[in-house]
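Asker: Handing you this structure, nothing more for now.
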Amino acid sequence: MAMDAWWVEFADGMTPDMLGENVSFEFIGGDRGMMTRLEIIIHVVNYTSYHRVFVDEMLGQIKADGPVCDFPVYLREMARPA
């Protein structure tokens with residue numbers, strides 16, 4: 001409950017300009033990423049609602065490649081030139 005309250009207070013304190021600011025970070029695996037503050041909030045809110053992650057996990061059990069299910073990785077991949 002304390003963490004929920006922190007996120008609500010944090011999000012309520014954001015202005016539109018602040019929500020649009022980019023935040024650079026490093027993934028656990030060492031790759032670099034960048035998301036806006038709004039994208040980070042959306043990622044945290046939706047993190048446990050990814051039903052497709054379960055499908056990806058099942059595909060992994062049969063050694064098949066699944067879709068990119070992680071929002072920050074998806075954003076990074078979409079930003080790369082084709």
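To be explicit about the labels: the chains of the structure tokens are called A, B, and onward in the order shown, and within each one the residues are counted from 1, while ligands get numbers from 1 in the order they are shown.
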Hey, what does DSSP flag as strand (DSSP E or B) within segment 6-37 of chain A? Can you give it to me as an MDAnalysis selection string?

Answerer: chainID A and resid 22:26 32:36

Asker: What parts of segment 19-78 of chain A does DSSP call alpha helix (DSSP H)? I'd like the answer as JSON, numbers by chain.

Answerer: {"A": [19, 37, 38, 39, 40, 41, 42, 43, 44, 45, 46, 51, 52, 53, 54, 55, 56, 57, 58, 59, 60, 61, 71, 72, 73, 74, 75, 76, 77, 78]}

Asker: Grab the atom CA of Arg32 of chain A to atom CA of Asp17 of chain A distance for me, in Å with one decimal place.

Answerer: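 It comes out at 23.2 Å.
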
Asker: Neighbouring residues of Ile40 of chain A were defined as those with any atom within 12 Å, considering only C-alpha atoms; residues of the same chain fewer than 4 positions away were excluded. Please report them as a list of chain:residue names.

Answerer: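 Neighbouring residues, sequence-local ones excluded: A:Trp7, A:Phe10, A:Ala11, A:Leu19, A:Gly20, A:Glu21, A:Asn22, A:Val23, A:Ser24, A:Phe25, A:Gly33, A:Met34, A:Met35, A:Thr36, A:Val44, A:Val45, A:Asn46, A:Tyr47, A:Asp70, A:Phe71, A:Pro72, A:Val73, A:Leu75.
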
Asker: Generate a file of the selected residues that holds N, CA and C atoms, formatted as a compact mmCIF listing (two decimals), in the first residue's frame.

Answerer:
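Result file is part-v3.txt:
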```
# COMPACT_ATOMS: atom_id res chain seq x y z
N TRP A 7 3.54 5.79 -5.87
CA TRP A 7 3.35 5.93 -7.31
C TRP A 7 2.24 6.94 -7.61
N PHE A 10 3.68 10.35 -6.94
CA PHE A 10 4.67 10.65 -7.98
C PHE A 10 3.97 11.05 -9.28
N ALA A 11 3.00 10.24 -9.73
CA ALA A 11 2.31 10.52 -10.99
C ALA A 11 1.50 11.81 -10.91
N LEU A 19 6.38 14.62 -17.89
CA LEU A 19 6.01 13.30 -18.41
C LEU A 19 6.66 13.02 -19.75
N GLY A 20 6.93 14.08 -20.52
CA GLY A 20 7.56 13.92 -21.83
C GLY A 20 9.07 13.83 -21.80
N GLU A 21 9.69 14.04 -20.64
CA GLU A 21 11.15 13.98 -20.54
C GLU A 21 11.66 12.55 -20.71
N ASN A 22 12.76 12.42 -21.45
CA ASN A 22 13.40 11.12 -21.64
C ASN A 22 14.27 10.77 -20.45
N VAL A 23 14.27 9.49 -20.10
CA VAL A 23 15.11 8.95 -19.03
C VAL A 23 15.94 7.83 -19.64
N SER A 24 17.26 7.96 -19.59
CA SER A 24 18.16 6.91 -20.07
C SER A 24 18.40 5.91 -18.95
N PHE A 25 18.54 4.64 -19.30
CA PHE A 25 18.77 3.61 -18.30
C PHE A 25 19.53 2.44 -18.92
N GLY A 33 18.76 1.74 -22.80
CA GLY A 33 17.39 2.03 -23.19
C GLY A 33 17.04 3.47 -22.85
N MET A 34 15.92 3.94 -23.42
CA MET A 34 15.45 5.28 -23.12
C MET A 34 13.92 5.27 -23.22
N MET A 35 13.27 5.83 -22.23
CA MET A 35 11.82 5.95 -22.22
C MET A 35 11.46 7.31 -21.64
N THR A 36 10.28 7.80 -22.01
CA THR A 36 9.80 9.01 -21.34
C THR A 36 9.28 8.60 -19.96
N VAL A 44 5.04 0.35 -15.77
CA VAL A 44 4.84 -0.15 -14.41
C VAL A 44 3.38 -0.55 -14.19
N VAL A 45 2.46 0.29 -14.66
CA VAL A 45 1.04 0.00 -14.47
C VAL A 45 0.64 -1.28 -15.19
N ASN A 46 1.15 -1.48 -16.40
CA ASN A 46 0.73 -2.63 -17.22
C ASN A 46 1.60 -3.87 -17.05
N TYR A 47 2.62 -3.80 -16.23
CA TYR A 47 3.61 -4.88 -16.19
C TYR A 47 2.99 -6.25 -15.95
N ASP A 70 8.49 -7.11 -23.69
CA ASP A 70 8.89 -6.12 -22.71
C ASP A 70 8.76 -4.73 -23.34
N PHE A 71 7.97 -3.85 -22.74
CA PHE A 71 7.67 -2.54 -23.31
C PHE A 71 8.91 -1.71 -23.59
N PRO A 72 9.88 -1.59 -22.64
CA PRO A 72 11.05 -0.78 -22.96
C PRO A 72 11.88 -1.36 -24.10
N VAL A 73 11.95 -2.68 -24.20
CA VAL A 73 12.70 -3.30 -25.30
C VAL A 73 11.97 -3.02 -26.62
N LEU A 75 10.07 -0.44 -27.35
CA LEU A 75 10.32 0.95 -27.71
C LEU A 75 11.71 1.13 -28.30
```

Asker: Between A:His43, A:Met1, A:Arg76, A:Met14, which has the minimum distance to Glu26 of chain A (counting only C-alpha atoms)?

Answerer: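 The answer is A:Arg76, which sits nearest to Glu26 of chain A.
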